[in-house]
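Participant: Coordinates in run_39.cif, mmCIF, C-alpha atoms and all ligand atoms, are listed below.
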```
data_my_file
loop_
_atom_site.group_PDB
_atom_site.id
_atom_site.type_symbol
_atom_site.label_atom_id
_atom_site.label_comp_id
_atom_site.auth_asym_id
_atom_site.auth_seq_id
_atom_site.Cartn_x
_atom_site.Cartn_y
_atom_site.Cartn_z
ATOM 1 C CA MET A 1 25.606 -30.440 4.393
ATOM 2 C CA GLN A 2 26.208 -31.509 7.980
ATOM 3 C CA CYS A 3 24.263 -30.677 11.131
ATOM 4 C CA PHE A 4 25.533 -27.571 12.912
ATOM 5 C CA ASN A 5 25.457 -29.326 16.303
ATOM 6 C CA HIS A 6 26.576 -32.766 15.095
ATOM 7 C CA PRO A 7 29.410 -32.433 12.553
ATOM 8 C CA HIS A 8 29.187 -36.141 11.683
ATOM 9 C CA THR A 9 25.476 -36.255 11.003
ATOM 10 C CA ALA A 10 23.906 -35.204 7.708
ATOM 11 C CA ALA A 11 21.515 -32.261 7.907
ATOM 12 C CA VAL A 12 17.905 -32.782 6.848
ATOM 13 C CA GLY A 13 17.094 -29.097 6.553
ATOM 14 C CA LEU A 14 17.874 -25.507 7.483
ATOM 15 C CA CYS A 15 16.587 -23.422 10.348
ATOM 16 C CA LYS A 16 14.415 -20.653 8.924
ATOM 17 C CA CYS A 17 15.807 -18.208 11.474
ATOM 18 C CA CYS A 18 19.599 -18.780 11.438
ATOM 19 C CA SER A 19 19.972 -20.943 8.289
ATOM 20 C CA ARG A 20 22.088 -23.535 10.083
ATOM 21 C CA GLY A 21 21.989 -27.144 8.994
ATOM 22 C CA LEU A 22 19.959 -29.385 11.278
ATOM 23 C CA CYS A 23 19.853 -33.166 11.633
ATOM 24 C CA ARG A 24 16.747 -35.174 12.502
ATOM 25 C CA GLU A 25 17.546 -34.844 16.187
ATOM 26 C CA CYS A 26 18.012 -31.061 16.202
ATOM 27 C CA VAL A 27 15.243 -30.058 13.860
ATOM 28 C CA SER A 28 11.835 -28.846 14.942
ATOM 29 C CA ASP A 29 9.293 -29.098 12.155
ATOM 30 C CA LEU A 30 6.884 -26.184 12.416
ATOM 31 C CA ASP A 31 3.998 -25.725 10.031
ATOM 32 C CA HIS A 32 5.737 -23.537 7.440
ATOM 33 C CA GLY A 33 9.399 -24.125 8.111
ATOM 34 C CA LEU A 34 12.110 -25.758 10.173
ATOM 35 C CA ALA A 35 13.695 -24.370 13.314
ATOM 36 C CA CYS A 36 16.500 -25.243 15.700
ATOM 37 C CA ARG A 37 14.857 -27.330 18.404
ATOM 38 C CA ASP A 38 14.657 -25.469 21.743
ATOM 39 C CA ARG A 39 16.431 -22.458 20.259
ATOM 40 C CA HIS A 40 14.645 -20.743 17.357
ATOM 41 C CA GLU A 41 11.179 -22.226 17.490
ATOM 42 C CA ALA A 42 9.614 -19.028 18.838
ATOM 43 C CA GLN A 43 11.403 -16.852 16.257
ATOM 44 C CA VAL A 44 10.333 -19.027 13.338
ATOM 45 C CA GLU A 45 6.749 -19.074 14.635
ATOM 46 C CA ALA A 46 6.838 -15.276 14.763
ATOM 47 C CA MET A 47 8.265 -15.096 11.237
ATOM 48 C CA ASN A 48 5.524 -17.389 9.986
ATOM 49 C CA MET A 49 2.911 -15.193 11.605
ATOM 50 C CA ILE A 50 4.306 -12.054 9.973
ATOM 51 C CA ILE A 51 4.480 -13.719 6.560
ATOM 52 C CA GLU A 52 0.921 -14.972 6.902
ATOM 53 C CA LYS A 53 -0.294 -11.535 7.970
ATOM 54 C CA ASN A 54 1.398 -9.896 4.965
ATOM 55 C CA ALA A 55 -0.101 -12.460 2.635
ATOM 56 C CA ARG A 56 -3.556 -11.623 3.949
ATOM 57 C CA ILE A 57 -2.969 -7.878 3.559
ATOM 58 C CA TYR A 58 -1.817 -8.339 -0.028
ATOM 59 C CA ALA A 59 -4.757 -10.590 -0.815
ATOM 60 C CA ALA A 60 -7.083 -7.797 0.287
ATOM 61 C CA ALA A 61 -5.139 -5.053 -1.507
ATOM 62 C CA PRO A 62 -6.858 -5.180 -4.935
ATOM 63 C CA LYS A 63 -10.166 -4.270 -3.272
ATOM 64 C CA ASN A 64 -8.713 -1.717 -0.865
ATOM 65 C CA ILE A 65 -6.917 0.325 -3.519
ATOM 66 C CA LEU A 66 -10.272 1.077 -5.157
ATOM 67 C CA ILE A 67 -11.953 2.647 -2.131
ATOM 68 C CA GLY A 68 -10.023 5.953 -2.206
ATOM 69 C CA PRO A 69 -10.197 6.527 -5.963
ATOM 70 C CA ILE A 70 -13.913 5.651 -6.137
ATOM 71 C CA PHE A 71 -14.654 8.102 -3.347
ATOM 72 C CA PHE A 72 -12.862 10.919 -5.165
ATOM 73 C CA LEU A 73 -14.398 9.939 -8.481
ATOM 74 C CA LEU A 74 -17.926 10.191 -7.043
ATOM 75 C CA LEU A 75 -17.067 13.444 -5.331
ATOM 76 C CA GLY A 76 -15.659 14.752 -8.613
ATOM 77 C CA LEU A 77 -18.728 13.735 -10.593
ATOM 78 C CA LEU A 78 -20.963 15.335 -7.978
ATOM 79 C CA PHE A 79 -19.053 18.617 -8.063
ATOM 80 C CA ALA A 80 -18.744 18.652 -11.843
ATOM 81 C CA GLY A 81 -22.384 17.757 -12.419
ATOM 82 C CA PHE A 82 -23.628 20.190 -9.836
ATOM 83 C CA GLY A 83 -21.373 22.984 -11.057
ATOM 84 C CA TYR A 84 -22.301 22.392 -14.671
ATOM 85 C CA ALA A 85 -26.040 22.179 -14.055
ATOM 86 C CA ARG A 86 -26.136 25.243 -11.859
ATOM 87 C CA ALA A 87 -23.876 27.611 -13.703
ATOM 88 C CA GLY A 88 -24.420 26.177 -17.133
ATOM 89 C CA GLY A 89 -20.764 26.584 -17.919
ATOM 90 C CA ILE A 90 -17.501 24.759 -17.511
ATOM 91 C CA THR A 91 -15.545 27.697 -16.116
ATOM 92 C CA ASP A 92 -17.403 27.597 -12.822
ATOM 93 C CA LEU A 93 -15.323 26.746 -9.750
ATOM 94 C CA PRO A 94 -17.309 23.651 -8.593
ATOM 95 C CA PHE A 95 -16.999 22.196 -12.069
ATOM 96 C CA LEU A 96 -13.227 22.732 -12.147
ATOM 97 C CA MET A 97 -12.920 21.277 -8.662
ATOM 98 C CA GLY A 98 -14.890 18.259 -9.824
ATOM 99 C CA ILE A 99 -12.522 17.776 -12.749
ATOM 100 C CA ALA A 100 -9.565 18.049 -10.364
ATOM 101 C CA PHE A 101 -11.093 15.371 -8.115
ATOM 102 C CA ILE A 102 -11.659 13.062 -11.068
ATOM 103 C CA ILE A 103 -8.070 13.500 -12.262
ATOM 104 C CA PHE A 104 -6.791 12.924 -8.737
ATOM 105 C CA SER A 105 -8.841 9.754 -8.399
ATOM 106 C CA VAL A 106 -7.551 8.334 -11.690
ATOM 107 C CA VAL A 107 -3.937 9.211 -10.849
ATOM 108 C CA SER A 108 -4.131 7.744 -7.351
ATOM 109 C CA TYR A 109 -5.731 4.583 -8.713
ATOM 110 C CA LEU A 110 -3.022 4.114 -11.331
ATOM 111 C CA ARG A 111 -0.327 4.824 -8.750
ATOM 112 C CA SER A 112 -1.567 2.339 -6.178
ATOM 113 C CA ARG A 113 -2.155 -0.260 -8.884
ATOM 114 C CA ALA A 114 1.428 0.117 -10.108
ATOM 115 C CA LEU A 115 2.682 -0.131 -6.529
ATOM 116 C CA PHE A 116 0.703 -3.277 -5.884
ATOM 117 C CA ARG A 117 1.966 -4.892 -9.084
ATOM 118 C CA GLU A 118 5.567 -4.127 -8.170
ATOM 119 C CA GLU A 119 5.292 -5.843 -4.824
ATOM 120 C CA ALA A 120 3.091 -8.735 -5.849
HETATM 121 ZN ZN ZN B 201 18.132 -21.520 14.247
HETATM 122 ZN ZN ZN B 202 22.090 -32.405 15.059
#
```
Starting from the coordinates I provided, produce the structure as structure tokens.

Facilitator:
Amino acid sequence: MQCFNHPHTAAVGLCKCCSRGLCRECVSDLDHGLACRDRHEAQVEAMNMIIEKNARIYAAAPKNILIGPIFFLLLGLLFAGFGYARAGGITDLPFLMGIAFIIFSVVSYLRSRALFREEA
């Protein structure tokens, strides 16, 4: 491949922003990619920042997806235990609400786990 600006010079890489071939003279070597010198440096820097940000969010995701489900699970156990102990039966409303919370927590955990796996 040839340089986009210098048709007679071999390209050493591609700009991360516009994917044009760049020779040694035209290339600007940023930390995580190449950019057209004096043209797409800012754009590629911004892209790198977004990618890095996303990577950090995804790295934190396995912990974050547990917070919601654990909250509902505890709430469910509290309701179910309280309802069961007080009424002595499983047809009491607090108990049924507790069961609903527990089911909701399990479903939401499985859902967010599946979502995270798809995108990882
Ligand atoms: Zn470019
Ligand atoms: Zn060039």

Participant: Quote the spacing between atom CA of Lys16 of chain A and atom CA of Arg56 of chain A in Å to one decimal place.

Facilitator: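 Going from atom CA of Lys16 of chain A over to atom CA of Arg56 of chain A covers 20.7 Å.
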
Participant: Could the residues that lie within 8 Å of ligand ZN 201 (chain B), counting all atoms listed in the file, be listed as a ChimeraX atom specification?

Facilitator: /A:14-20,35-37,39-41

Participant: Skipping near chain neighbours, those fewer than 4 positions away, what residues fall within 9 Å of Arg24 of chain A using all atoms listed in the file, listed as a count of residues only?

Facilitator: 7

Participant: Please measure the separation of atom CA of His6 of chain A and atom ZN of ligand ZN 202 (chain B), giving the value in Å to one decimal.

Facilitator: 4.5 Å

Participant: Which residue out of A:Ile103, A:Leu96, A:Leu22, A:Ile50 has the minimum interatomic distance to ligand ZN 202 (chain B) when only C-alpha atoms and all ligand atoms are used?

Facilitator: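 Closest to ligand ZN 202 (chain B), using only C-alpha atoms and all ligand atoms: A:Leu22.
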
Participant: Counting all atoms listed in the file, note down every residue that has an atom within 6 Å of the point (11.3, -22.2, 6.9) (file coordinates), as a list in words.

Facilitator: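 Nearby residues: Lys16, His32, Gly33 and Leu34 of chain A.
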
Participant: Kindly provide, as JSON, the centre and edge lengths (Å, one decimal) of an axis-aligned box around all atoms of segment 43-62 of chain A given in the file, with 8 Å on each side.

Facilitator:
```
{"center_x": 2.2, "center_y": -12.1, "center_z": 5.7, "size_x": 34.5, "size_y": 30.0, "size_z": 37.2}
```

Participant: What is the atom CA of Cys26 of chain A to atom CA of Pro7 of chain A distance in Å?

Facilitator: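 Distance between the two atoms: 12.0 Å.
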
Participant: So which one's closest to Ile102 of chain A, A:Leu74, A:Cys23, A:Met47, A:Leu115? Using only C-alpha atoms, please.

Facilitator: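 Smallest separation from Ile102 of chain A among the options: A:Leu74.
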
Participant: Suppose a student applies the PyMOL selection byres (((chain A and resi 109) around 8) and not hetatm) to this structure; what residues should they get, written as a PyMOL selection string?

Facilitator: chain A and resi 65-66+68-69+105-108+110-113

Participant: Can you tell me, as a PyMOL selection string, what residues are no more than 9 Å from Gly81 of chain A when counting only C-alpha atoms, ignoring any on the same chain fewer than 5 positions away?

Facilitator: chain A and resi 76+86+94-95+98

Participant: Name the closest residue to Met1 of chain A among the candidates A:Gly21, A:Ala60, A:Ala46, A:Val27; distances are taken between atoms, counting all atoms listed in the file.

Facilitator: A:Gly21

Participant: Render segment 100-116 of chain A from the structure in the preceding block as a file of all heavy atoms, as a short mmCIF file (atom, residue, chain, number, x, y, z; two decimals), in the first residue's frame.

Facilitator:
```cif
data_model
loop_
_atom_site.label_atom_id
_atom_site.label_comp_id
_atom_site.auth_asym_id
_atom_site.auth_seq_id
_atom_site.Cartn_x
_atom_site.Cartn_y
_atom_site.Cartn_z
N ALA A 100 -41.40 -13.70 45.17
CA ALA A 100 -41.35 -12.94 43.92
C ALA A 100 -40.03 -12.18 43.80
O ALA A 100 -39.41 -12.14 42.74
CB ALA A 100 -42.53 -11.97 43.84
N PHE A 101 -39.58 -11.57 44.91
CA PHE A 101 -38.31 -10.85 44.90
C PHE A 101 -37.14 -11.79 44.60
O PHE A 101 -36.23 -11.45 43.86
CB PHE A 101 -38.06 -10.18 46.26
CG PHE A 101 -38.73 -8.83 46.39
CD1 PHE A 101 -39.48 -8.52 47.51
CD2 PHE A 101 -38.59 -7.88 45.39
CE1 PHE A 101 -40.09 -7.27 47.64
CE2 PHE A 101 -39.19 -6.64 45.50
CZ PHE A 101 -39.95 -6.34 46.63
N ILE A 102 -37.18 -12.97 45.20
CA ILE A 102 -36.09 -13.92 44.99
C ILE A 102 -36.05 -14.35 43.51
O ILE A 102 -34.98 -14.38 42.89
CB ILE A 102 -36.25 -15.15 45.91
CG1 ILE A 102 -35.99 -14.73 47.37
CG2 ILE A 102 -35.28 -16.26 45.51
CD1 ILE A 102 -36.42 -15.75 48.40
N ILE A 103 -37.22 -14.64 42.96
CA ILE A 103 -37.29 -15.03 41.55
C ILE A 103 -36.78 -13.90 40.66
O ILE A 103 -35.97 -14.10 39.76
CB ILE A 103 -38.73 -15.44 41.16
CG1 ILE A 103 -39.10 -16.75 41.86
CG2 ILE A 103 -38.85 -15.59 39.63
CD1 ILE A 103 -40.58 -17.09 41.80
N PHE A 104 -37.21 -12.69 40.98
CA PHE A 104 -36.79 -11.52 40.20
C PHE A 104 -35.27 -11.35 40.26
O PHE A 104 -34.63 -11.05 39.26
CB PHE A 104 -37.48 -10.26 40.74
CG PHE A 104 -37.08 -9.01 40.00
CD1 PHE A 104 -37.59 -8.76 38.74
CD2 PHE A 104 -36.20 -8.12 40.57
CE1 PHE A 104 -37.22 -7.61 38.05
CE2 PHE A 104 -35.82 -6.97 39.89
CZ PHE A 104 -36.33 -6.72 38.63
N SER A 105 -34.71 -11.55 41.44
CA SER A 105 -33.27 -11.37 41.59
C SER A 105 -32.50 -12.41 40.77
O SER A 105 -31.51 -12.10 40.13
CB SER A 105 -32.89 -11.44 43.07
OG SER A 105 -32.25 -12.64 43.40
N VAL A 106 -32.97 -13.65 40.79
CA VAL A 106 -32.30 -14.71 40.02
C VAL A 106 -32.41 -14.43 38.52
O VAL A 106 -31.42 -14.50 37.79
CB VAL A 106 -32.90 -16.09 40.36
CG1 VAL A 106 -32.37 -17.16 39.41
CG2 VAL A 106 -32.57 -16.47 41.81
N VAL A 107 -33.61 -14.04 38.09
CA VAL A 107 -33.82 -13.76 36.66
C VAL A 107 -32.96 -12.59 36.20
O VAL A 107 -32.30 -12.65 35.16
CB VAL A 107 -35.32 -13.48 36.37
CG1 VAL A 107 -35.51 -12.92 34.97
CG2 VAL A 107 -36.13 -14.76 36.55
N SER A 108 -32.93 -11.51 37.01
CA SER A 108 -32.17 -10.35 36.58
C SER A 108 -30.67 -10.64 36.59
O SER A 108 -29.92 -10.13 35.77
CB SER A 108 -32.49 -9.13 37.45
OG SER A 108 -31.98 -9.30 38.75
N TYR A 109 -30.24 -11.51 37.51
CA TYR A 109 -28.83 -11.89 37.52
C TYR A 109 -28.47 -12.68 36.27
O TYR A 109 -27.49 -12.39 35.58
CB TYR A 109 -28.50 -12.71 38.77
CG TYR A 109 -27.14 -13.35 38.71
CD1 TYR A 109 -25.99 -12.55 38.79
CD2 TYR A 109 -26.99 -14.71 38.53
CE1 TYR A 109 -24.74 -13.12 38.70
CE2 TYR A 109 -25.74 -15.29 38.44
CZ TYR A 109 -24.62 -14.50 38.52
OH TYR A 109 -23.38 -15.07 38.43
N LEU A 110 -29.30 -13.65 35.94
CA LEU A 110 -29.04 -14.48 34.76
C LEU A 110 -29.06 -13.64 33.48
O LEU A 110 -28.26 -13.83 32.58
CB LEU A 110 -30.07 -15.60 34.66
CG LEU A 110 -29.96 -16.69 35.75
CD1 LEU A 110 -31.09 -17.68 35.62
CD2 LEU A 110 -28.60 -17.38 35.70
N ARG A 111 -30.01 -12.69 33.43
CA ARG A 111 -30.13 -11.82 32.27
C ARG A 111 -28.89 -10.97 32.08
O ARG A 111 -28.34 -10.88 31.00
CB ARG A 111 -31.33 -10.90 32.44
CG ARG A 111 -32.56 -11.44 31.79
CD ARG A 111 -33.60 -10.41 31.95
NE ARG A 111 -34.58 -10.45 30.89
CZ ARG A 111 -35.53 -9.54 30.76
NH1 ARG A 111 -35.58 -8.54 31.59
NH2 ARG A 111 -36.41 -9.63 29.82
N SER A 112 -28.46 -10.29 33.16
CA SER A 112 -27.32 -9.40 33.02
C SER A 112 -26.03 -10.19 32.78
O SER A 112 -25.13 -9.72 32.11
CB SER A 112 -27.18 -8.49 34.24
OG SER A 112 -27.22 -9.22 35.42
N ARG A 113 -25.98 -11.41 33.30
CA ARG A 113 -24.80 -12.24 33.06
C ARG A 113 -24.73 -12.64 31.59
O ARG A 113 -23.67 -12.62 30.98
CB ARG A 113 -24.82 -13.49 33.95
CG ARG A 113 -23.45 -14.11 34.12
CD ARG A 113 -23.50 -15.34 34.96
NE ARG A 113 -24.38 -16.33 34.39
CZ ARG A 113 -24.42 -17.61 34.79
NH1 ARG A 113 -23.66 -18.01 35.78
NH2 ARG A 113 -25.22 -18.46 34.22
N ALA A 114 -25.88 -13.00 31.03
CA ALA A 114 -25.93 -13.38 29.62
C ALA A 114 -25.55 -12.19 28.73
O ALA A 114 -24.82 -12.33 27.76
CB ALA A 114 -27.33 -13.87 29.26
N LEU A 115 -26.04 -11.01 29.11
CA LEU A 115 -25.75 -9.80 28.36
C LEU A 115 -24.26 -9.51 28.38
O LEU A 115 -23.65 -9.17 27.38
CB LEU A 115 -26.52 -8.63 29.00
CG LEU A 115 -26.64 -7.37 28.15
CD1 LEU A 115 -27.67 -7.59 27.07
CD2 LEU A 115 -27.04 -6.20 29.02
N PHE A 116 -23.67 -9.63 29.56
CA PHE A 116 -22.25 -9.34 29.69
C PHE A 116 -21.42 -10.33 28.87
O PHE A 116 -20.46 -9.96 28.22
CB PHE A 116 -21.84 -9.42 31.16
CG PHE A 116 -20.36 -9.22 31.35
CD1 PHE A 116 -19.79 -7.97 31.17
CD2 PHE A 116 -19.53 -10.28 31.66
CE1 PHE A 116 -18.43 -7.79 31.32
CE2 PHE A 116 -18.17 -10.10 31.82
CZ PHE A 116 -17.63 -8.85 31.65
#
```
